[in-house]
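Engineer: One file is attached below, upload_32.cif, containing mmCIF, C-alpha atoms.
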```cif
data_coords
loop_
_atom_site.group_PDB
_atom_site.id
_atom_site.type_symbol
_atom_site.label_atom_id
_atom_site.label_comp_id
_atom_site.auth_asym_id
_atom_site.auth_seq_id
_atom_site.Cartn_x
_atom_site.Cartn_y
_atom_site.Cartn_z
ATOM 1 C CA MET M 8 3.647 -28.176 6.351
ATOM 2 C CA GLU M 9 6.325 -27.495 3.707
ATOM 3 C CA LYS M 10 9.482 -26.149 5.354
ATOM 4 C CA SER M 11 13.194 -26.040 4.623
ATOM 5 C CA ASN M 12 13.673 -26.293 8.359
ATOM 6 C CA LYS M 13 11.630 -25.374 11.415
ATOM 7 C CA ASP M 14 11.901 -21.666 10.606
ATOM 8 C CA LEU M 15 10.343 -21.359 7.130
ATOM 9 C CA ALA M 16 6.739 -21.939 6.088
ATOM 10 C CA ILE M 17 5.588 -21.885 2.458
ATOM 11 C CA VAL M 18 1.816 -21.399 2.202
ATOM 12 C CA ILE M 19 -0.928 -20.614 -0.303
ATOM 13 C CA PRO M 20 -3.473 -17.975 0.817
ATOM 14 C CA SER M 21 -6.815 -18.729 -0.839
ATOM 15 C CA MET M 22 -10.535 -17.978 -0.640
ATOM 16 C CA SER M 23 -13.565 -19.156 -2.638
ATOM 17 C CA ARG M 24 -11.363 -21.047 -5.115
ATOM 18 C CA ALA M 25 -11.354 -24.563 -3.707
ATOM 19 C CA ARG M 26 -11.810 -26.023 -7.195
ATOM 20 C CA MET M 27 -9.298 -23.701 -8.848
ATOM 21 C CA VAL M 28 -6.045 -23.996 -6.885
ATOM 22 C CA TYR M 29 -3.568 -24.050 -9.772
ATOM 23 C CA THR M 30 -0.386 -23.492 -7.792
ATOM 24 C CA THR M 31 -0.024 -27.008 -6.442
ATOM 25 C CA LYS M 32 0.482 -28.235 -10.021
ATOM 26 C CA VAL M 33 3.554 -25.997 -10.094
ATOM 27 C CA THR M 34 4.932 -26.491 -6.565
ATOM 28 C CA GLY M 35 3.396 -29.730 -5.361
ATOM 29 C CA PRO M 36 1.158 -29.881 -2.252
ATOM 30 C CA LEU M 37 1.492 -26.875 0.051
ATOM 31 C CA PRO M 38 -0.626 -25.750 3.017
ATOM 32 C CA LEU M 39 -3.714 -23.768 2.028
ATOM 33 C CA VAL M 40 -4.718 -20.884 4.312
ATOM 34 C CA VAL M 41 -8.483 -20.395 3.994
ATOM 35 C CA PRO M 42 -11.523 -19.077 5.921
ATOM 36 C CA GLU M 43 -12.919 -21.482 8.514
ATOM 37 C CA SER M 44 -16.261 -21.810 6.729
ATOM 38 C CA GLN M 45 -14.556 -23.008 3.513
ATOM 39 C CA ALA M 46 -12.232 -25.597 5.042
ATOM 40 C CA ALA M 47 -14.345 -28.662 4.198
ATOM 41 C CA GLU M 48 -14.671 -27.724 0.526
ATOM 42 C CA TYR M 49 -10.923 -27.072 0.239
ATOM 43 C CA ARG M 50 -10.138 -30.450 1.800
ATOM 44 C CA ASP M 51 -12.508 -32.203 -0.606
ATOM 45 C CA TRP M 52 -11.005 -30.614 -3.710
ATOM 46 C CA ASN M 53 -7.349 -30.542 -2.652
ATOM 47 C CA PRO M 54 -6.427 -33.939 -1.222
ATOM 48 C CA GLY M 55 -2.866 -34.076 0.018
ATOM 49 C CA CYS M 56 -2.801 -30.405 1.027
ATOM 50 C CA GLU M 57 -2.921 -29.357 4.649
ATOM 51 C CA VAL M 58 -5.748 -26.868 5.204
ATOM 52 C CA ILE M 59 -5.085 -24.149 7.777
ATOM 53 C CA THR M 60 -8.016 -21.946 8.753
ATOM 54 C CA HIS M 61 -8.367 -18.379 9.913
ATOM 55 C CA PRO M 62 -11.531 -16.736 11.315
ATOM 56 C CA ASP M 63 -14.138 -15.717 8.742
ATOM 57 C CA SER M 64 -13.961 -12.225 10.221
ATOM 58 C CA ILE M 65 -10.606 -11.741 8.455
ATOM 59 C CA LYS M 66 -11.675 -10.422 5.064
ATOM 60 C CA GLY M 67 -9.429 -9.329 2.225
ATOM 61 C CA LEU M 68 -5.947 -10.443 1.218
ATOM 62 C CA ALA M 69 -3.944 -7.848 3.165
ATOM 63 C CA PRO M 70 -5.494 -8.752 6.577
ATOM 64 C CA LYS M 71 -5.046 -12.441 5.673
ATOM 65 C CA ARG M 72 -1.352 -11.879 4.935
ATOM 66 C CA GLN M 73 -0.928 -10.086 8.256
ATOM 67 C CA TRP M 74 -2.547 -13.017 10.078
ATOM 68 C CA ILE M 75 -0.234 -15.424 8.240
ATOM 69 C CA CYS M 76 2.891 -13.448 9.148
ATOM 70 C CA GLU M 77 1.894 -13.310 12.802
ATOM 71 C CA LYS M 78 1.206 -17.045 12.858
ATOM 72 C CA PHE M 79 4.229 -18.381 10.992
ATOM 73 C CA GLY M 80 7.125 -15.971 11.410
ATOM 74 C CA ASP M 81 9.430 -16.536 8.425
ATOM 75 C CA VAL M 82 6.971 -17.283 5.622
ATOM 76 C CA PHE M 83 6.714 -17.309 1.845
ATOM 77 C CA MET M 84 3.223 -16.653 0.476
ATOM 78 C CA ILE M 85 2.419 -17.793 -3.036
ATOM 79 C CA ASP M 86 -0.983 -17.105 -4.588
ATOM 80 C CA ASP M 87 -3.347 -19.890 -5.611
ATOM 81 C CA ASP M 88 -3.413 -18.892 -9.298
ATOM 82 C CA ILE M 89 0.208 -19.593 -10.270
ATOM 83 C CA VAL M 90 0.325 -21.479 -13.572
ATOM 84 C CA ALA M 91 4.092 -21.721 -14.150
ATOM 85 C CA ALA M 92 7.487 -21.395 -12.484
ATOM 86 C CA ARG M 93 10.230 -20.596 -14.954
ATOM 87 C CA ARG M 94 13.919 -19.987 -15.304
ATOM 88 C CA LEU M 95 14.525 -16.807 -17.314
ATOM 89 C CA CYS M 96 18.303 -17.198 -17.523
ATOM 90 C CA THR M 97 18.285 -20.073 -20.008
ATOM 91 C CA SER M 98 21.187 -21.015 -22.223
ATOM 92 C CA SER M 99 20.791 -22.233 -25.785
ATOM 93 C CA GLY M 100 18.549 -25.292 -25.888
ATOM 94 C CA GLN M 101 17.773 -25.202 -22.163
ATOM 95 C CA LYS M 102 14.142 -25.445 -21.115
ATOM 96 C CA GLY M 103 12.807 -22.690 -18.885
ATOM 97 C CA GLY M 104 10.182 -24.628 -16.966
ATOM 98 C CA LEU M 105 11.007 -25.651 -13.388
ATOM 99 C CA THR M 106 10.053 -28.929 -11.770
ATOM 100 C CA LYS M 107 7.983 -28.849 -8.582
ATOM 101 C CA GLU M 108 11.090 -29.605 -6.552
ATOM 102 C CA GLU M 109 13.013 -26.802 -8.264
ATOM 103 C CA ALA M 110 10.171 -24.326 -7.714
ATOM 104 C CA VAL M 111 10.190 -24.969 -3.971
ATOM 105 C CA GLY M 112 13.985 -25.063 -4.016
ATOM 106 C CA ILE M 113 14.374 -21.530 -5.366
ATOM 107 C CA ILE M 114 12.021 -20.269 -2.642
ATOM 108 C CA ARG M 115 14.156 -21.890 0.030
ATOM 109 C CA HIS M 116 17.353 -20.656 -1.603
ATOM 110 C CA GLY M 117 15.965 -17.104 -1.778
ATOM 111 C CA TRP M 118 15.198 -17.232 1.934
ATOM 112 C CA GLU M 119 18.750 -18.301 2.752
ATOM 113 C CA CYS M 120 20.190 -15.554 0.536
ATOM 114 C CA ALA M 121 17.900 -12.924 2.084
ATOM 115 C CA LYS M 122 19.111 -13.869 5.563
ATOM 116 C CA GLN M 123 22.743 -13.615 4.512
ATOM 117 C CA ALA M 124 22.123 -10.254 2.797
ATOM 118 C CA GLY M 125 20.268 -8.861 5.800
ATOM 119 C CA ALA M 126 17.024 -8.490 3.822
ATOM 120 C CA TYR M 127 13.607 -9.095 5.353
ATOM 121 C CA LEU M 128 11.658 -9.204 2.079
ATOM 122 C CA TRP M 129 12.502 -11.582 -0.773
ATOM 123 C CA CYS M 130 10.892 -12.349 -4.100
ATOM 124 C CA PHE M 131 11.441 -13.117 -7.793
ATOM 125 C CA ASN M 132 11.200 -11.395 -11.156
ATOM 126 C CA HIS M 133 7.814 -9.854 -11.951
ATOM 127 C CA VAL M 134 8.698 -10.164 -15.660
ATOM 128 C CA VAL M 135 7.522 -13.428 -17.223
ATOM 129 C CA ASN M 136 8.918 -12.943 -20.726
ATOM 130 C CA GLY M 137 12.452 -14.323 -20.933
ATOM 131 C CA VAL M 138 13.277 -11.909 -23.761
ATOM 132 C CA LEU M 139 13.123 -9.081 -21.208
ATOM 133 C CA TYR M 140 15.568 -10.738 -18.801
ATOM 134 C CA GLU M 141 18.796 -8.755 -18.387
ATOM 135 C CA SER M 142 21.574 -11.312 -18.015
ATOM 136 C CA HIS M 143 24.019 -8.844 -16.458
ATOM 137 C CA VAL M 144 21.603 -8.144 -13.565
ATOM 138 C CA PRO M 145 20.696 -11.542 -12.046
ATOM 139 C CA ILE M 146 19.977 -10.153 -8.561
ATOM 140 C CA ALA M 147 18.396 -6.874 -7.450
ATOM 141 C CA LEU M 148 18.661 -5.396 -3.961
ATOM 142 C CA THR M 149 16.105 -2.673 -4.601
ATOM 143 C CA GLY M 150 12.726 -2.464 -6.304
ATOM 144 C CA PHE M 151 9.324 -3.914 -5.486
ATOM 145 C CA ALA M 152 8.106 -7.415 -4.706
ATOM 146 C CA ASN M 153 5.506 -9.088 -6.868
ATOM 147 C CA GLY M 154 2.485 -9.563 -4.631
ATOM 148 C CA CYS M 155 1.704 -13.032 -6.004
ATOM 149 C CA ALA M 156 4.871 -14.648 -4.618
ATOM 150 C CA HIS M 157 6.994 -13.089 -1.894
ATOM 151 C CA GLY M 158 8.408 -13.898 1.504
ATOM 152 C CA ILE M 159 8.908 -11.983 4.760
ATOM 153 C CA ARG M 160 11.235 -12.846 7.588
ATOM 154 C CA ALA M 161 10.183 -12.555 11.215
ATOM 155 C CA GLY M 162 11.196 -9.362 13.007
ATOM 156 C CA SER M 163 10.803 -7.230 9.889
ATOM 157 C CA GLY M 164 8.558 -4.638 11.513
ATOM 158 C CA LEU M 165 6.465 -4.741 8.316
ATOM 159 C CA ASN M 166 2.675 -4.843 8.540
ATOM 160 C CA TYR M 167 -0.004 -5.242 5.884
ATOM 161 C CA VAL M 168 -2.922 -2.823 6.100
ATOM 162 C CA SER M 169 -6.521 -3.216 4.942
ATOM 163 C CA ASP M 170 -6.353 0.073 2.992
ATOM 164 C CA ALA M 171 -4.238 -1.763 0.404
ATOM 165 C CA VAL M 172 -7.092 -3.784 -1.103
ATOM 166 C CA GLY M 173 -5.363 -5.065 -4.229
ATOM 167 C CA VAL M 174 -1.871 -3.608 -3.823
ATOM 168 C CA ASP M 175 -0.514 -5.371 -0.754
ATOM 169 C CA GLY M 176 2.677 -6.217 -2.654
ATOM 170 C CA PHE M 177 3.313 -2.590 -3.585
ATOM 171 C CA TYR M 178 2.528 -1.405 -0.066
ATOM 172 C CA ILE M 179 4.803 -3.878 1.690
ATOM 173 C CA SER M 180 7.554 -3.103 -0.840
ATOM 174 C CA GLY M 181 7.326 0.626 -0.172
ATOM 175 C CA LEU M 182 7.259 0.102 3.576
ATOM 176 C CA ASN M 183 10.222 -2.268 3.345
ATOM 177 C CA ALA M 184 12.192 0.259 1.283
ATOM 178 C CA HIS M 185 11.459 2.940 3.884
ATOM 179 C CA LYS M 186 12.456 0.776 6.843
ATOM 180 C CA HIS M 187 15.235 -1.443 5.514
ATOM 181 C CA ARG M 188 16.484 -0.043 2.167
ATOM 182 C CA ILE M 189 17.052 -3.567 0.821
ATOM 183 C CA LEU M 190 15.209 -6.607 -0.482
ATOM 184 C CA TRP M 191 16.454 -9.780 -2.154
ATOM 185 C CA LYS M 192 14.989 -10.181 -5.640
ATOM 186 C CA ASP M 193 16.230 -13.105 -7.714
ATOM 187 C CA LEU M 194 15.623 -11.967 -11.279
ATOM 188 C CA ARG M 195 16.677 -15.295 -12.775
ATOM 189 C CA PHE M 196 13.341 -16.906 -11.928
ATOM 190 C CA THR M 197 9.657 -16.015 -12.127
ATOM 191 C CA PHE M 198 6.254 -17.272 -11.018
ATOM 192 C CA GLN M 199 3.534 -16.611 -13.583
ATOM 193 C CA GLN M 200 -0.062 -15.896 -12.581
ATOM 194 C CA ALA M 201 -3.229 -16.611 -14.516
ATOM 195 C CA PRO M 202 -4.761 -13.351 -15.854
ATOM 196 C CA THR M 203 -5.839 -11.600 -12.636
ATOM 197 C CA MET M 204 -8.987 -9.846 -13.816
ATOM 198 C CA THR M 205 -10.510 -12.970 -15.387
ATOM 199 C CA LEU M 206 -10.807 -15.175 -12.280
ATOM 200 C CA VAL M 207 -13.546 -15.504 -9.682
ATOM 201 C CA GLY M 208 -13.070 -15.815 -5.938
ATOM 202 C CA GLY M 209 -10.006 -14.576 -4.075
ATOM 203 C CA GLN M 210 -9.209 -10.927 -4.736
ATOM 204 C CA ALA M 211 -11.875 -10.818 -7.450
ATOM 205 C CA GLU M 212 -14.472 -10.562 -4.654
ATOM 206 C CA TRP M 213 -12.991 -7.241 -3.515
ATOM 207 C CA ARG M 214 -11.304 -5.723 -6.562
ATOM 208 C CA THR M 215 -13.341 -3.266 -8.640
ATOM 209 C CA MET M 216 -12.364 -0.279 -10.761
ATOM 210 C CA GLU M 217 -13.232 1.939 -7.798
ATOM 211 C CA SER M 218 -10.979 -0.091 -5.502
ATOM 212 C CA GLU M 219 -8.200 0.123 -8.102
ATOM 213 C CA LYS M 220 -8.534 3.903 -8.116
ATOM 214 C CA ALA M 221 -8.560 4.049 -4.308
ATOM 215 C CA ASP M 222 -5.521 1.732 -4.160
ATOM 216 C CA THR M 223 -3.465 3.927 -6.476
ATOM 217 C CA LEU M 224 -4.394 7.095 -4.586
ATOM 218 C CA PHE M 225 -3.549 5.379 -1.283
ATOM 219 C CA LEU M 226 -0.129 4.351 -2.564
ATOM 220 C CA ARG M 227 0.542 7.860 -3.848
ATOM 221 C CA ARG M 228 -0.329 9.320 -0.447
ATOM 222 C CA MET M 229 2.004 6.862 1.244
ATOM 223 C CA PHE M 230 4.973 6.836 -1.139
ATOM 224 C CA GLY M 231 4.598 9.867 -3.393
ATOM 225 C CA GLU M 232 6.461 9.936 -6.711
ATOM 226 C CA ALA M 233 7.783 6.413 -6.198
ATOM 227 C CA VAL M 234 4.327 5.252 -7.355
ATOM 228 C CA ARG M 235 3.653 6.003 -11.008
ATOM 229 C CA ILE M 236 0.767 5.407 -13.378
ATOM 230 C CA LYS M 237 1.477 2.726 -15.958
ATOM 231 C CA ARG M 238 0.249 3.871 -19.368
ATOM 232 C CA GLU M 239 0.744 0.743 -21.414
ATOM 233 C CA ILE M 240 2.384 -2.655 -21.420
ATOM 234 C CA LYS M 241 4.714 -3.182 -24.341
ATOM 235 C CA HIS M 242 5.435 -6.545 -25.922
ATOM 236 C CA GLY M 243 7.711 -5.929 -28.869
ATOM 237 C CA PRO M 244 5.972 -3.665 -31.365
ATOM 238 C CA LYS M 245 2.550 -4.207 -29.789
ATOM 239 C CA CYS M 246 1.017 -2.460 -26.787
ATOM 240 C CA ARG M 247 -1.626 -3.959 -24.526
ATOM 241 C CA PRO M 248 -4.057 -1.385 -23.102
ATOM 242 C CA ILE M 249 -4.529 -1.403 -19.335
ATOM 243 C CA HIS M 250 -6.981 0.245 -16.972
ATOM 244 C CA PRO M 251 -6.332 3.895 -16.056
ATOM 245 C CA TYR M 252 -5.292 3.198 -12.451
ATOM 246 C CA ALA M 253 -2.633 0.568 -13.096
ATOM 247 C CA ARG M 254 0.560 1.502 -11.337
ATOM 248 C CA THR M 255 4.220 0.692 -10.993
ATOM 249 C CA MET M 256 6.772 1.505 -8.303
ATOM 250 C CA VAL M 257 10.233 2.993 -8.813
ATOM 251 C CA VAL M 258 12.238 2.901 -5.600
ATOM 252 C CA PRO M 259 14.486 5.993 -5.733
ATOM 253 C CA PHE M 260 17.699 4.372 -4.469
#
```
Take the structure from the file and write it as structure tokens.
Structural biologist:
Amino acid sequence: MEKSNKDLAIVIPSMSRARMVYTTKVTGPLPLVVPESQAAEYRDWNPGCEVITHPDSIKGLAPKRQWICEKFGDVFMIDDDIVAARRLCTSSGQKGGLTKEEAVGIIRHGWECAKQAGAYLWCFNHVVNGVLYESHVPIALTGFANGCAHGIRAGSGLNYVSDAVGVDGFYISGLNAHKHRILWKDLRFTFQQAPTMTLVGGQAEWRTMESEKADTLFLRRMFGEAVRIKREIKHGPKCRPIHPYARTMVVPF
């Protein structure tokens, strides 16, 4: 199992994507946490990766994350559909892409920084476009954690709930803000996912437009005005339309 020492685990939660684990091309081999009934297929298609199983009765990403936290203690969970790890704070002529060793290294470094800062939740920039990187704000101590790649330290008192079908990252961020008032978010680096709504397996087996609506309403009930509807995604002069229940979180401190 990939660790910086005996206290940190770095794992990939996955389900029904044995043939489509992209993340290991970005990070190198990491343990895959999968349902018991899918273990053999994952081992066949992902040689070199340790396969850790949980009971098939654990369904959905949020319950899986809770099981992982209870099993490992200090843990960083990175989704199986990561296609790139990049440095956003590049200087002239510097390449943004990280090597596998660097990708794992920034995770370990973030964990160390979170411990020193007294933060239980740590993560990286949710922005993947380097043009949007603000060089005068390399680190944030407030905000929300991108669900696709974030870590939690043992003793946090944070728990994932099954009501958060596709918004476990938002939920744990809101709960963390309520309990601890701090996270460690290294804005200099980012992990980029494949387009979420185009994949099969994983969260695609649970996420529908109805679940997206229910997720947004659930977050609003829990965190009120901190959860806001996202109307559009802007990239320069162009706007990309999004579904009507897409949301963002603005932590009010």
Engineer: Just so the selection is clear, what residues does the PyMOL selection byres ((chain M and resi 120) around 12) cover here, as a PyMOL selection string?
Structural biologist: chain M and resi 113-119+121-130+146-148+158+160+190-193
Engineer: In Å, how far is it from CA of Thr223 in chain M to CA of Arg235 in chain M?
Structural biologist: 8.7 Å
Engineer: With 6 Å of padding per side, what axis-aligned box (centre and edge lengths, Å, one decimal) covers all the listed atoms of range 49-68 of chain M? Give it as AutoDock Vina command-line options.
Structural biologist:
```
--center_x -8.5 --center_y -21.7 --center_z 3.8 --size_x 23.3 --size_y 36.7 --size_z 27.0
```
Engineer: Could you tell me which residues the PyMOL selection byres ((chain M and resi 70-75) around 8) grabs in this file, written as a list in words?
Structural biologist: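 Taken over the shown coordinates, the PyMOL selection byres ((chain M and resi 70-75) around 8) returns Pro20, His61, Ile65, Lys66, Gly67, Leu68, Ala69, Cys76, Glu77, Lys78, Phe79, Val82, Met84, Asn166, Tyr167, Val168 and Ser169 of chain M.
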Engineer: Selected by the PyMOL selection byres ((chain M and resi 85-91) around 7) in the shown coordinates: which residues, as JSON, numbers by chain?
Structural biologist: {"M": [18, 19, 20, 21, 28, 29, 30, 33, 83, 84, 92, 93, 155, 156, 157, 198, 199, 200, 201]}
Engineer: Within 9 Å of Gly150 in chain M, counting all atoms listed in the file, which residues qualify if same-chain residues fewer than 2 places away don't, as a ChimeraX atom specification?
Structural biologist: /M:147-148,152,180-181,184,189-190,192,256-260
Engineer: Would you work out the distance separating CA of Ala253 in chain M from CA of Leu139 in chain M, expressed in Å to one decimal?
Structural biologist: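 Here the two named atoms are 20.2 Å from each other.
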Engineer: What is the distance, in Å and to one decimal place, between CA of His187 in chain M and CA of Ser163 in chain M?
Structural biologist: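 CA of Ser163 in chain M lies at a distance of 8.5 Å from CA of His187 in chain M.
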Engineer: At a cut-off of 12 Å, using all atoms listed in the file, what residues contact Glu43 in chain M? Leave out same-chain residues fewer than 4 positions from it and give the result as a ChimeraX atom specification.
Structural biologist: /M:21-23,39,47-50,58-66
Engineer: Pick from M:Pro54, M:Pro251, M:Pro202, M:Pro36: nearest to Lys220 in chain M, with all atoms listed in the file counted?
Structural biologist: M:Pro251
Engineer: So which one's closest to Leu165 in chain M, M:Arg24, M:Glu141, M:Thr197, M:Gly80? Using all atoms listed in the file, please.
Structural biologist: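 Answer, going by the shortest atom-to-atom distance: M:Gly80.
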Engineer: Given only C-alpha atoms as the basis, pick out the residue of M:Ala161, M:Val134, M:Met216, M:Met229 nearest to Phe177 in chain M.
Structural biologist: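 Residue with the minimum atom-to-atom distance to Phe177 in chain M: M:Met229.
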Engineer: Pick the closest to Tyr252 in chain M from M:Ala16, M:Ala46, M:Met27, M:Val234: which is it, counting all atoms listed in the file?
Structural biologist: M:Val234
Engineer: Here is a test: counting only C-alpha atoms, which residue of M:Phe131, M:Tyr140, M:Phe225, M:Phe196 is nearest to Asp175 in chain M?
Structural biologist: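 When distances to Asp175 in chain M are compared using only C-alpha atoms, the smallest one comes from M:Phe225.
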Engineer: Ranking M:Gly137, M:Pro38, M:Gly104, M:Gly55 by minimum distance to Ile17 in chain M and counting all atoms listed in the file, which one comes first?
Structural biologist: M:Pro38
